[in-house]
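Reading through the structure tokens given below for one structure.
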Amino acid sequence: MIEILFENDIILAVNKPSGLLTQAVHGIDSLELRVKSYLAGRSDAGFDTEIAGIYLGVPHRLDRPVSGVILFGKTKRATHRLSEQFENRKIDKIYWGIVSGTVDADEGTWIDYMRKVPNRPIAEIIQPINPDAREAILHYKVLKRFKINNNSFTHLEIKLETGRMHQIRLQSATHGYPILGDATYNSTLPFGENFDNDRCREIALHARSITFQNSITHEQINLIAPTPQLWKDKIWNAESHS
């Protein structure tokens with residue numbers, strides 16, 4: 001099953017579950033494969049000639065442990081125009097994150113320099129003089145501060161000014177507030193089911209909304225992705241604290 005947030009003749013938006021790859025090689029389950037199965041009128045996630053022949057453009061991705069809204073193009077032209085909007089920063093994305101610790105400032109900006117670690121699927125903070133350094137700018141706003149079992153957490157609304165690999169995850173951890181469940185970037189507390197492979201674990205990072213332009217009508221479309229049930233269990237029932 002996939003949760004459709006929006007669909008017309010050229011664009012499809014779905015609410016990606018955490019723990020699922022956006023794309024994968026043949027034989028491995030992915031969101032792309034499930035969407036192709038849906039477009040083929042299939043209920044399974046198998047891979048055959050019928051599904052392989054369906055065009056589906058992927059103008060952006062979400063990390064495997066991240067949930068939330070993601071766009072697909074149903075035609076090459078639509079995918080190209082969505083990609084242009086991403087490249088020109090015409091698409092607004094809002095993320096929700098639960099971080100360990102209490103973020104004192106109600107809102108703020110983090111500016112760091114980072115790079116992808118060579119030959120490893122992680123990123124790191126480096127000095128700005130490093131030739132591989134890429135500026136990373138993130139804006140946040142506190143939505144709620146709360147405690148669970150004497151552990152303090154903060155629910156953040158996050159907007160990226162730049163789009164670097166694992167940017168939110170790395171910057172949050174670097175500033176002392178790792179995303180809950182993100183063992184790759186220093187979280188010591190679990191979020192959801194505990195897998196031996198860190199990359200399969202669910203983390204408390206959710207692509208909450210996206211605003212883009214319909215390339216045919218030129219209207220602005222805003223989509224909001226409901227949070228997984230685990231978020232409701234963790235946040236809505238938790239007691240706020242100042």
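We label chains A, B, ... in the order they appear in the structure tokens, count residues from 1 in each chain, and number ligands from 1 in the order shown.
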
Selection: 7 Å around segment 91-106 of chain A, only C-alpha atoms, excl. self and same-chain fewer than 3 positions, as a ChimeraX atom specification: /A:85-86,141-142,145,152-159,177-180,204-212

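Every protein or nucleic acid residue with an atom no more than 10 Å from Thr75 of chain A, counting only C-alpha atoms and leaving out same-chain residues fewer than 5 positions away, appears here: Asp9, Ile10, Ile11, Ile54, Tyr55, Leu56, Gly57 and His80 of chain A.
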
Keeping only N, CA and C atoms, take the residues you just selected and write them out as a compact mmCIF listing (two decimals), in the first residue's frame.
```txt
# COMPACT_ATOMS: atom_id res chain seq x y z
N ASP A 9 -2.43 14.13 -14.18
CA ASP A 9 -1.92 13.41 -15.35
C ASP A 9 -0.40 13.37 -15.42
N ILE A 10 0.27 14.30 -14.73
CA ILE A 10 1.73 14.40 -14.90
C ILE A 10 2.54 14.28 -13.61
N ILE A 11 1.89 14.43 -12.46
CA ILE A 11 2.60 14.43 -11.18
C ILE A 11 1.90 13.52 -10.19
N ILE A 54 6.86 1.17 -17.41
CA ILE A 54 6.18 2.37 -16.95
C ILE A 54 7.20 3.45 -16.61
N TYR A 55 7.00 4.64 -17.16
CA TYR A 55 7.91 5.74 -16.85
C TYR A 55 7.55 6.34 -15.49
N LEU A 56 8.56 6.58 -14.68
CA LEU A 56 8.39 7.27 -13.41
C LEU A 56 9.67 8.05 -13.12
N GLY A 57 9.57 9.38 -13.14
CA GLY A 57 10.73 10.22 -12.87
C GLY A 57 10.86 10.51 -11.39
N HIS A 80 11.37 16.87 -15.65
CA HIS A 80 12.35 17.91 -15.95
C HIS A 80 11.97 19.23 -15.31
```

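Proximity of A:Gln167, A:Gln213, A:Ser83, A:Ser37 to Leu138 of chain A, computed with only C-alpha atoms, is greatest for A:Gln167.
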
From A:Ile111, A:Leu223, A:Ala78, A:Ala13, residue lying nearest His139 of chain A [only C-alpha atoms]: A:Ile111

Pick out the residues sitting within 9 Å of Arg64 of chain A, and hand them over as a count of residues only; count only C-alpha atoms, and ignore anything fewer than 5 positions along from it in its own chain. 10

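Minimum atom-to-atom distances from A:Lys76, A:Lys16, A:Lys36, A:Lys147 to Ile235 of chain A were compared using only C-alpha atoms, and the lowest value belongs to A:Lys147.
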